[in-house]
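Visitor: Provided herewith is a single structure, encoded as structure tokens, for subsequent inquiry.
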Amino acid sequence: MLDMTATIIRNFLTKPHTRLYPITVREPFENVRGNLDIEIEECILCGICSKKCPSQCITVSKEEKVWTVDPFACVYCAICVENCPTHCLSMDKHHRKPVKVKEMNRQVQVKGPEKKK
Amino acid sequence: MATIVPFGPQHPVLPEPLHLKLVLEDEIVKQALPTLGYVHRGLETLASIKDINQMVQVVERVCGICSCIHAHNYCMCIEGLMGIEVPQRADFLRVIWSEMHRMHSHLLWFGLLADAFGMESLFMHAWRIREKIMDVMEATAGNRVIISINKVGGVRRDLSQDQLKWILKVLGEVEEELDKIKPVLTNDYTVKKRTVGKGVLTYQQAYELGAAGPQLRGSGVVQDVRMTGYGAYKYIDFAPVTEPDGDSWARTMVRFRELYQSIDIVRQLIGKLPEGEIAVKVKGKPSGEIVCRSEQPRGELLYYVKATGENFLDRVRIRTPTFANVPPLLAMLPGCEMADVPVIALSIDPCISCTER
Ligand code: SF4
Ligand code: SF4
């Protein structure tokens, strides 16, 4: 009984342990696997990422020079990031915001990576 | 006259798709008949379209709570078939994360049990403590639950000295918090009233019906797959936690004491953590058959893998502990009151999604 009273008083005097999301947002930790980004001009369109991806959510089209990821099928495992030979994929520590319409993340390459001589 | 009352698959206290037909006489349960299979996902078929490395991410999703242990077991199978020696550091790191998973799983279950017998404040305290462990996982592994840390040949991330220090600090805090809620569990009238003497499973029954994990140890059987010394468990000393009574209370106490045990194991591991590589390069394809076992928070997990030297596995058969714990549950229910069914069903820590891989 005494323990309980002490706990109750403490709970009245301290801040709640939860946050009023989305008004207060905690900064994500470093190295968290959040959003998947691509530096599309560095990509050589080799398609390794799409072959290694366990959820098969990446499609690479060499002819159209398009790299597409379905952010709603991606499981954020970062396997693609680890296997990309040009290191053009990266993961941001921030998570994707909720959306109303599901859209593919479609990136079109304009110039392409600079050829090494 | 007997009445049949359906329990589940959608039930306020049991958010798991398990259906029990309860044959009642007045308020007393005479018989319980289970139905499973509401969320079957056909994982074995997936193995024919996902290659051996992608399967790591697939088996992680068998269970939403102990993902790391599934991946660990699967990797042990493939490494066993290919004769890969995992670096010692990787073994230690795998077990550190596995024990973290065990702790958060037990705390989650503990909260759910408290919620089932109507003690909402205890539920919130348990989940508040669990959040500290979730933070550790998010910061060290990159995700909260499905941490994707294992790969065939080792682990994907290392722990720095600072992170290890921080983990030890958090474990200290968790231990302190556990000490605070321990008296509630051991002395509180409400908790005892709903758990002591309910759903008794005797030593003989537990053994014969093939119970697993805390359910088995709660009936006094000394068995823990971690004692076989897979992974880094061979380098540390610990003894299985057992309780003799076999009722819901005993199972609760086993899990509660296992929380302290896990804290101790992680401390030992961090103390002995060797330096070195965290992964080896893997070449070739597995072939042959293998069975690997590991200890999940809910009990023994068994993988049977058959490979034919190709990129895709022939068979991946997974036996999860909840599947083994359903027959003992059916033996526990007859004789109890209708109102006690939710608490008894929860006391086996059911993970039905795990069962229906
Ligand atoms: S692996 Fe990298 S370089 Fe290759 S297609 Fe994918 S993103 Fe482009
Ligand atoms: S993070 Fe994983 S699931 Fe997402 S695109 Fe990369 S490999 Fe595929």
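Ordered as shown in the structure tokens, chains take letters A, B, and onward, while each chain numbers its residues from 1 and ligands are numbered from 1 in the order shown.
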For chain B, list the residues within 8 Å of chain A, counting only C-alpha atoms, and write the list as number ranges by chain.
Guide: B: 50, 54-55, 57-58, 128, 138-143, 148
Visitor: Produce a file of the selected residues containing N, CA, C and O atoms, as a JSON list (two decimals), in the first residue's frame.
Guide:
[["chain", "number", "residue", "atom", "x", "y", "z"],
["B", 50, "LYS", "N", 12.90, -17.84, -53.19],
["B", 50, "LYS", "CA", 13.89, -16.95, -52.56],
["B", 50, "LYS", "C", 15.17, -17.76, -52.35],
["B", 50, "LYS", "O", 15.10, -18.89, -51.85],
["B", 54, "GLN", "N", 18.40, -14.75, -49.29],
["B", 54, "GLN", "CA", 17.15, -14.01, -49.09],
["B", 54, "GLN", "C", 16.27, -14.69, -48.04],
["B", 54, "GLN", "O", 15.48, -14.03, -47.37],
["B", 55, "MET", "N", 16.44, -16.00, -47.89],
["B", 55, "MET", "CA", 15.62, -16.73, -46.91],
["B", 55, "MET", "C", 15.87, -16.24, -45.49],
["B", 55, "MET", "O", 15.01, -16.39, -44.62],
["B", 57, "GLN", "N", 16.01, -13.24, -44.49],
["B", 57, "GLN", "CA", 15.01, -12.20, -44.23],
["B", 57, "GLN", "C", 13.60, -12.79, -44.15],
["B", 57, "GLN", "O", 12.74, -12.24, -43.50],
["B", 58, "VAL", "N", 13.38, -13.90, -44.87],
["B", 58, "VAL", "CA", 12.05, -14.52, -44.82],
["B", 58, "VAL", "C", 11.81, -15.17, -43.45],
["B", 58, "VAL", "O", 10.79, -14.94, -42.82],
["B", 128, "ARG", "N", 6.88, -0.17, -20.41],
["B", 128, "ARG", "CA", 7.79, 0.97, -20.29],
["B", 128, "ARG", "C", 9.23, 0.46, -20.14],
["B", 128, "ARG", "O", 10.15, 0.98, -20.77],
["B", 138, "GLU", "N", 17.23, -0.70, -31.51],
["B", 138, "GLU", "CA", 17.13, 0.25, -32.61],
["B", 138, "GLU", "C", 18.47, 0.94, -32.85],
["B", 138, "GLU", "O", 18.90, 1.12, -33.98],
["B", 139, "ALA", "N", 19.11, 1.31, -31.76],
["B", 139, "ALA", "CA", 20.36, 2.05, -31.91],
["B", 139, "ALA", "C", 21.51, 1.16, -32.38],
["B", 139, "ALA", "O", 22.38, 1.60, -33.12],
["B", 140, "THR", "N", 21.53, -0.11, -31.94],
["B", 140, "THR", "CA", 22.66, -0.95, -32.31],
["B", 140, "THR", "C", 22.43, -1.70, -33.61],
["B", 140, "THR", "O", 23.35, -1.87, -34.40],
["B", 141, "ALA", "N", 21.21, -2.16, -33.84],
["B", 141, "ALA", "CA", 20.98, -3.02, -35.00],
["B", 141, "ALA", "C", 20.30, -2.29, -36.15],
["B", 141, "ALA", "O", 20.37, -2.73, -37.30],
["B", 142, "GLY", "N", 19.62, -1.19, -35.85],
["B", 142, "GLY", "CA", 19.01, -0.44, -36.94],
["B", 142, "GLY", "C", 17.51, -0.54, -37.01],
["B", 142, "GLY", "O", 16.87, 0.24, -37.68],
["B", 143, "ASN", "N", 16.94, -1.54, -36.36],
["B", 143, "ASN", "CA", 15.49, -1.64, -36.31],
["B", 143, "ASN", "C", 15.06, -2.09, -34.92],
["B", 143, "ASN", "O", 15.88, -2.60, -34.16],
["B", 148, "SER", "N", 17.37, -7.94, -38.39],
["B", 148, "SER", "CA", 18.14, -8.27, -39.60],
["B", 148, "SER", "C", 19.64, -8.22, -39.36],
["B", 148, "SER", "O", 20.36, -7.57, -40.09]]
Visitor: Can you pull out every residue within 7 Å of Arg89 of chain B, counting only C-alpha atoms, but drop anything in the same chain fewer than 3 positions away, and send it as a PyMOL selection string?
Guide: chain B and resi 92-93+273-278
Visitor: Could you write those residues out with N, CA and C atoms, as a short mmCIF file (atom, residue, chain, number, x, y, z; two decimals), in the first residue's frame?
Guide:
data_model
loop_
_atom_site.label_atom_id
_atom_site.label_comp_id
_atom_site.auth_asym_id
_atom_site.auth_seq_id
_atom_site.Cartn_x
_atom_site.Cartn_y
_atom_site.Cartn_z
N PHE B 92 29.26 -14.46 -30.46
CA PHE B 92 28.92 -13.71 -29.25
C PHE B 92 27.87 -12.64 -29.55
N LEU B 93 28.07 -11.92 -30.65
CA LEU B 93 27.14 -10.84 -30.96
C LEU B 93 25.74 -11.39 -31.23
N LEU B 273 33.72 -10.81 -24.56
CA LEU B 273 33.63 -10.60 -26.01
C LEU B 273 35.01 -10.56 -26.67
N PRO B 274 35.31 -11.52 -27.56
CA PRO B 274 36.63 -11.52 -28.18
C PRO B 274 36.70 -10.51 -29.32
N GLU B 275 37.92 -10.10 -29.65
CA GLU B 275 38.11 -9.20 -30.79
C GLU B 275 38.13 -10.04 -32.06
N GLY B 276 38.03 -9.37 -33.18
CA GLY B 276 38.21 -10.10 -34.45
C GLY B 276 37.14 -9.80 -35.47
N GLU B 277 37.14 -10.65 -36.48
CA GLU B 277 36.21 -10.50 -37.60
C GLU B 277 34.77 -10.72 -37.12
N ILE B 278 33.82 -10.18 -37.88
CA ILE B 278 32.43 -10.47 -37.53
C ILE B 278 31.73 -11.31 -38.60
#
Visitor: Using backbone DSSP assignments, extract all strand (DSSP E) residues from segment 10-107 of chain A; output them as number ranges by chain.
Guide: A: 36-38, 58-61, 66-69, 89-91, 105-107
Visitor: Dump C-alpha atoms for the selected residues as a short mmCIF file (atom, residue, chain, number, x, y, z; two decimals), in the first residue's frame?
Guide:
data_model
loop_
_atom_site.label_atom_id
_atom_site.label_comp_id
_atom_site.auth_asym_id
_atom_site.auth_seq_id
_atom_site.Cartn_x
_atom_site.Cartn_y
_atom_site.Cartn_z
CA LEU A 36 16.04 4.27 -48.96
CA ASP A 37 17.67 6.85 -51.23
CA ILE A 38 19.56 6.61 -54.48
CA ILE A 58 13.41 -2.94 -56.89
CA THR A 59 13.14 -2.91 -60.69
CA VAL A 60 15.95 -1.66 -62.86
CA SER A 61 15.48 -0.96 -66.53
CA VAL A 66 15.00 3.93 -64.74
CA TRP A 67 15.45 2.63 -61.19
CA THR A 68 12.24 2.04 -59.27
CA VAL A 69 11.59 0.93 -55.71
CA LEU A 89 22.32 3.59 -52.48
CA SER A 90 22.03 4.90 -48.95
CA MET A 91 19.68 4.80 -46.03
CA ASN A 105 9.80 5.88 -55.95
CA ARG A 106 10.80 6.14 -59.61
CA GLN A 107 14.13 7.67 -60.52
#
Visitor: Looking only at alpha helix (DSSP H) from DSSP on the backbone, list the matching residues of segment 15-239 of chain B as a PyMOL selection string.
Guide: chain B and resi 43-46+54-60+67-82+88-116+120-141+161-187+189-195+203-208+214-217
Visitor: Would you save the residues of that selection, restricted to C-alpha atoms, as a compact mmCIF listing (two decimals), in the first residue's frame?
Guide:
# COMPACT_ATOMS: atom_id res chain seq x y z
CA LEU B 43 6.82 -20.37 -45.98
CA GLU B 44 8.09 -23.62 -47.44
CA THR B 45 6.85 -22.65 -50.88
CA LEU B 46 8.59 -19.31 -50.56
CA GLN B 54 17.15 -14.01 -49.09
CA MET B 55 15.62 -16.73 -46.91
CA VAL B 56 17.33 -15.17 -43.88
CA GLN B 57 15.01 -12.20 -44.23
CA VAL B 58 12.05 -14.52 -44.82
CA VAL B 59 12.54 -16.69 -41.72
CA GLU B 60 13.03 -13.56 -39.62
CA SER B 67 13.13 -12.69 -35.24
CA CYS B 68 16.81 -12.75 -34.37
CA ILE B 69 16.66 -16.30 -33.02
CA HIS B 70 14.93 -17.60 -36.15
CA ALA B 71 17.59 -16.08 -38.36
CA HIS B 72 20.32 -17.38 -36.05
CA ASN B 73 18.97 -20.90 -36.25
CA TYR B 74 18.57 -20.75 -40.02
CA CYS B 75 22.11 -19.45 -40.45
CA MET B 76 23.41 -22.23 -38.19
CA CYS B 77 21.72 -24.75 -40.51
CA ILE B 78 23.24 -23.33 -43.69
CA GLU B 79 26.64 -22.88 -42.06
CA GLY B 80 26.48 -26.46 -40.81
CA LEU B 81 25.72 -27.75 -44.29
CA MET B 82 28.50 -25.76 -45.87
CA GLN B 88 33.86 -16.20 -32.47
CA ARG B 89 32.95 -12.55 -32.18
CA ALA B 90 29.99 -13.08 -34.50
CA ASP B 91 28.78 -15.94 -32.31
CA PHE B 92 28.92 -13.71 -29.25
CA LEU B 93 27.14 -10.84 -30.96
CA ARG B 94 24.39 -13.14 -32.21
CA VAL B 95 23.74 -14.38 -28.71
CA ILE B 96 23.80 -10.88 -27.22
CA TRP B 97 21.06 -9.82 -29.59
CA SER B 98 19.19 -13.09 -29.04
CA GLU B 99 19.11 -12.52 -25.32
CA MET B 100 17.92 -8.96 -25.87
CA HIS B 101 15.09 -10.47 -27.86
CA ARG B 102 14.29 -12.89 -25.09
CA MET B 103 14.09 -10.03 -22.60
CA HIS B 104 11.80 -7.88 -24.69
CA SER B 105 9.64 -10.88 -25.52
CA HIS B 106 9.22 -11.83 -21.86
CA LEU B 107 8.44 -8.24 -20.88
CA LEU B 108 5.90 -7.97 -23.67
CA TRP B 109 4.26 -11.20 -22.57
CA PHE B 110 4.38 -10.10 -18.96
CA GLY B 111 2.47 -6.94 -19.86
CA LEU B 112 -0.10 -8.88 -21.84
CA LEU B 113 -0.66 -11.26 -18.93
CA ALA B 114 -1.13 -8.35 -16.54
CA ASP B 115 -3.62 -6.88 -18.99
CA ALA B 116 -5.45 -10.22 -19.20
CA GLU B 120 -3.47 -2.34 -16.53
CA SER B 121 -0.88 -0.38 -14.56
CA LEU B 122 1.43 -3.39 -14.38
CA PHE B 123 1.00 -3.80 -18.13
CA MET B 124 2.15 -0.24 -18.70
CA HIS B 125 5.13 -0.59 -16.37
CA ALA B 126 6.26 -3.77 -18.12
CA TRP B 127 6.04 -2.14 -21.53
CA ARG B 128 7.79 0.97 -20.29
CA ILE B 129 10.74 -1.15 -19.18
CA ARG B 130 10.66 -3.02 -22.47
CA GLU B 131 11.06 0.25 -24.32
CA LYS B 132 14.61 0.60 -22.98
CA ILE B 133 15.55 -2.68 -24.62
CA MET B 134 13.81 -1.69 -27.84
CA ASP B 135 15.92 1.47 -27.88
CA VAL B 136 19.08 -0.59 -27.53
CA MET B 137 18.08 -2.70 -30.47
CA GLU B 138 17.13 0.25 -32.61
CA ALA B 139 20.36 2.05 -31.91
CA THR B 140 22.66 -0.95 -32.31
CA ALA B 141 20.98 -3.02 -35.00
CA GLN B 161 33.02 -0.08 -27.07
CA ASP B 162 30.70 2.85 -26.39
CA GLN B 163 27.69 0.83 -27.39
CA LEU B 164 28.72 -2.05 -25.14
CA LYS B 165 29.11 0.36 -22.22
CA TRP B 166 25.72 1.82 -22.98
CA ILE B 167 24.12 -1.64 -23.13
CA LEU B 168 25.56 -2.47 -19.70
CA LYS B 169 24.19 0.78 -18.34
CA VAL B 170 20.73 0.09 -19.75
CA LEU B 171 20.81 -3.45 -18.35
CA GLY B 172 21.55 -2.00 -14.93
CA GLU B 173 18.53 0.27 -15.24
CA VAL B 174 16.33 -2.58 -16.41
CA GLU B 175 17.43 -4.70 -13.47
CA GLU B 176 16.60 -1.90 -11.06
CA GLU B 177 13.15 -1.50 -12.59
CA LEU B 178 12.54 -5.24 -12.43
CA ASP B 179 13.45 -5.23 -8.76
CA LYS B 180 10.75 -2.63 -8.27
CA ILE B 181 7.97 -4.63 -9.89
CA LYS B 182 9.05 -7.93 -8.39
CA PRO B 183 7.14 -7.42 -5.10
CA VAL B 184 3.95 -6.79 -7.06
CA LEU B 185 4.36 -10.12 -8.74
CA THR B 186 5.32 -12.11 -5.67
CA ASN B 187 3.03 -10.55 -3.05
CA TYR B 189 -3.28 -10.48 -3.98
CA THR B 190 -4.77 -9.85 -7.44
CA VAL B 191 -1.92 -11.54 -9.26
CA LYS B 192 -1.93 -14.56 -6.97
CA LYS B 193 -5.69 -14.93 -7.06
CA ARG B 194 -5.69 -15.21 -10.83
CA THR B 195 -2.62 -17.39 -11.28
CA TYR B 203 5.72 -32.87 -14.40
CA GLN B 204 4.47 -36.10 -15.99
CA GLN B 205 2.00 -34.32 -18.29
CA ALA B 206 4.53 -31.71 -19.34
CA TYR B 207 6.98 -34.44 -20.24
CA GLU B 208 4.53 -36.71 -22.01
CA PRO B 214 9.10 -21.96 -19.81
CA GLN B 215 5.99 -24.13 -19.88
CA LEU B 216 8.14 -27.22 -19.46
CA ARG B 217 10.43 -25.62 -16.90
Visitor: As an exercise, work out the distance from atom CA of Leu301 of chain B to atom CA of Ala211 of chain B in Å and give it to one decimal place.
Guide: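 Calculated distance between atom CA of Leu301 of chain B and atom CA of Ala211 of chain B is 12.0 Å.
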Visitor: List all protein, DNA and RNA residues that have at least one atom no more than 6 Å from any atom of ligand 1, counting only C-alpha atoms and all ligand atoms, and write them as a PDB file with N, CA, C and O atoms, in the first residue's frame.
Guide:
ATOM      1  N   CYS A  43      24.450   5.605 -60.486  1.00  0.00           N
ATOM      2  CA  CYS A  43      24.043   4.208 -60.683  1.00  0.00           C
ATOM      3  C   CYS A  43      24.472   3.724 -62.062  1.00  0.00           C
ATOM      4  O   CYS A  43      24.374   4.442 -63.044  1.00  0.00           O
ATOM      5  N   ILE A  44      24.995   2.489 -62.118  1.00  0.00           N
ATOM      6  CA  ILE A  44      25.383   1.940 -63.418  1.00  0.00           C
ATOM      7  C   ILE A  44      24.315   0.992 -63.963  1.00  0.00           C
ATOM      8  O   ILE A  44      24.533   0.280 -64.928  1.00  0.00           O
ATOM      9  N   LEU A  45      23.168   0.959 -63.311  1.00  0.00           N
ATOM     10  CA  LEU A  45      22.024   0.139 -63.739  1.00  0.00           C
ATOM     11  C   LEU A  45      22.384  -1.332 -63.930  1.00  0.00           C
ATOM     12  O   LEU A  45      21.946  -1.974 -64.882  1.00  0.00           O
ATOM     13  N   CYS A  46      23.193  -1.829 -63.007  1.00  0.00           N
ATOM     14  CA  CYS A  46      23.636  -3.220 -63.144  1.00  0.00           C
ATOM     15  C   CYS A  46      22.572  -4.210 -62.684  1.00  0.00           C
ATOM     16  O   CYS A  46      22.583  -5.367 -63.070  1.00  0.00           O
ATOM     17  N   GLY A  47      21.665  -3.759 -61.830  1.00  0.00           N
ATOM     18  CA  GLY A  47      20.578  -4.639 -61.408  1.00  0.00           C
ATOM     19  C   GLY A  47      20.920  -5.587 -60.268  1.00  0.00           C
ATOM     20  O   GLY A  47      20.120  -6.452 -59.924  1.00  0.00           O
ATOM     21  N   ILE A  48      22.094  -5.428 -59.671  1.00  0.00           N
ATOM     22  CA  ILE A  48      22.459  -6.314 -58.557  1.00  0.00           C
ATOM     23  C   ILE A  48      21.497  -6.117 -57.383  1.00  0.00           C
ATOM     24  O   ILE A  48      21.049  -7.074 -56.761  1.00  0.00           O
ATOM     25  N   CYS A  49      21.153  -4.856 -57.121  1.00  0.00           N
ATOM     26  CA  CYS A  49      20.262  -4.571 -56.002  1.00  0.00           C
ATOM     27  C   CYS A  49      18.934  -5.304 -56.162  1.00  0.00           C
ATOM     28  O   CYS A  49      18.401  -5.859 -55.208  1.00  0.00           O
ATOM     29  N   CYS A  84      25.459  -2.859 -53.428  1.00  0.00           N
ATOM     30  CA  CYS A  84      25.606  -1.989 -54.601  1.00  0.00           C
ATOM     31  C   CYS A  84      27.092  -1.738 -54.887  1.00  0.00           C
ATOM     32  O   CYS A  84      27.820  -1.269 -54.016  1.00  0.00           O
ATOM     33  N   PRO A  85      27.545  -2.045 -56.102  1.00  0.00           N
ATOM     34  CA  PRO A  85      28.984  -1.898 -56.378  1.00  0.00           C
ATOM     35  C   PRO A  85      29.451  -0.441 -56.418  1.00  0.00           C
ATOM     36  O   PRO A  85      30.625  -0.169 -56.168  1.00  0.00           O
ATOM     37  N   THR A  86      28.566   0.502 -56.720  1.00  0.00           N
ATOM     38  CA  THR A  86      29.006   1.894 -56.813  1.00  0.00           C
ATOM     39  C   THR A  86      28.666   2.705 -55.558  1.00  0.00           C
ATOM     40  O   THR A  86      28.910   3.897 -55.510  1.00  0.00           O
ATOM     41  N   CYS A  88      25.893   3.794 -54.527  1.00  0.00           N
ATOM     42  CA  CYS A  88      25.015   4.936 -54.782  1.00  0.00           C
ATOM     43  C   CYS A  88      23.734   4.846 -53.969  1.00  0.00           C
ATOM     44  O   CYS A  88      22.962   5.792 -53.916  1.00  0.00           O
ATOM     45  N   LEU A  89      23.506   3.705 -53.318  1.00  0.00           N
ATOM     46  CA  LEU A  89      22.320   3.595 -52.475  1.00  0.00           C
ATOM     47  C   LEU A  89      22.689   3.974 -51.047  1.00  0.00           C
ATOM     48  O   LEU A  89      23.806   3.731 -50.599  1.00  0.00           O
TER      49      LEU A  89
END
Visitor: From the list B:Ser353, B:Thr242, B:Gln10, B:Ser294, which residue is nearest Thr228 of chain B when using only C-alpha atoms?
Guide: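 Comparing B:Ser353, B:Thr242, B:Gln10, B:Ser294 against Thr228 of chain B, the winner is B:Ser294.
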Visitor: Go ahead and compute the interatomic distance for atom CA of Pro6 of chain B and atom CA of Ala324 of chain B, in Å to one decimal.
Guide: 22.0 Å
Visitor: Env of Lys97 of chain A: 12 Å cut, atoms = only C-alpha atoms, seq-sep filter 3 positions within chain, self excluded. Answer as a PyMOL selection string.
Guide: chain A and resi 22+34-35+71-72+94+100-102
Visitor: Taking only C-alpha atoms and all ligand atoms into account, which of A:Ser50, A:Thr5, A:Thr24, A:Asn11 comes nearest ligand 2?
Guide: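 Among the listed residues, A:Ser50 lies closest to ligand 2.
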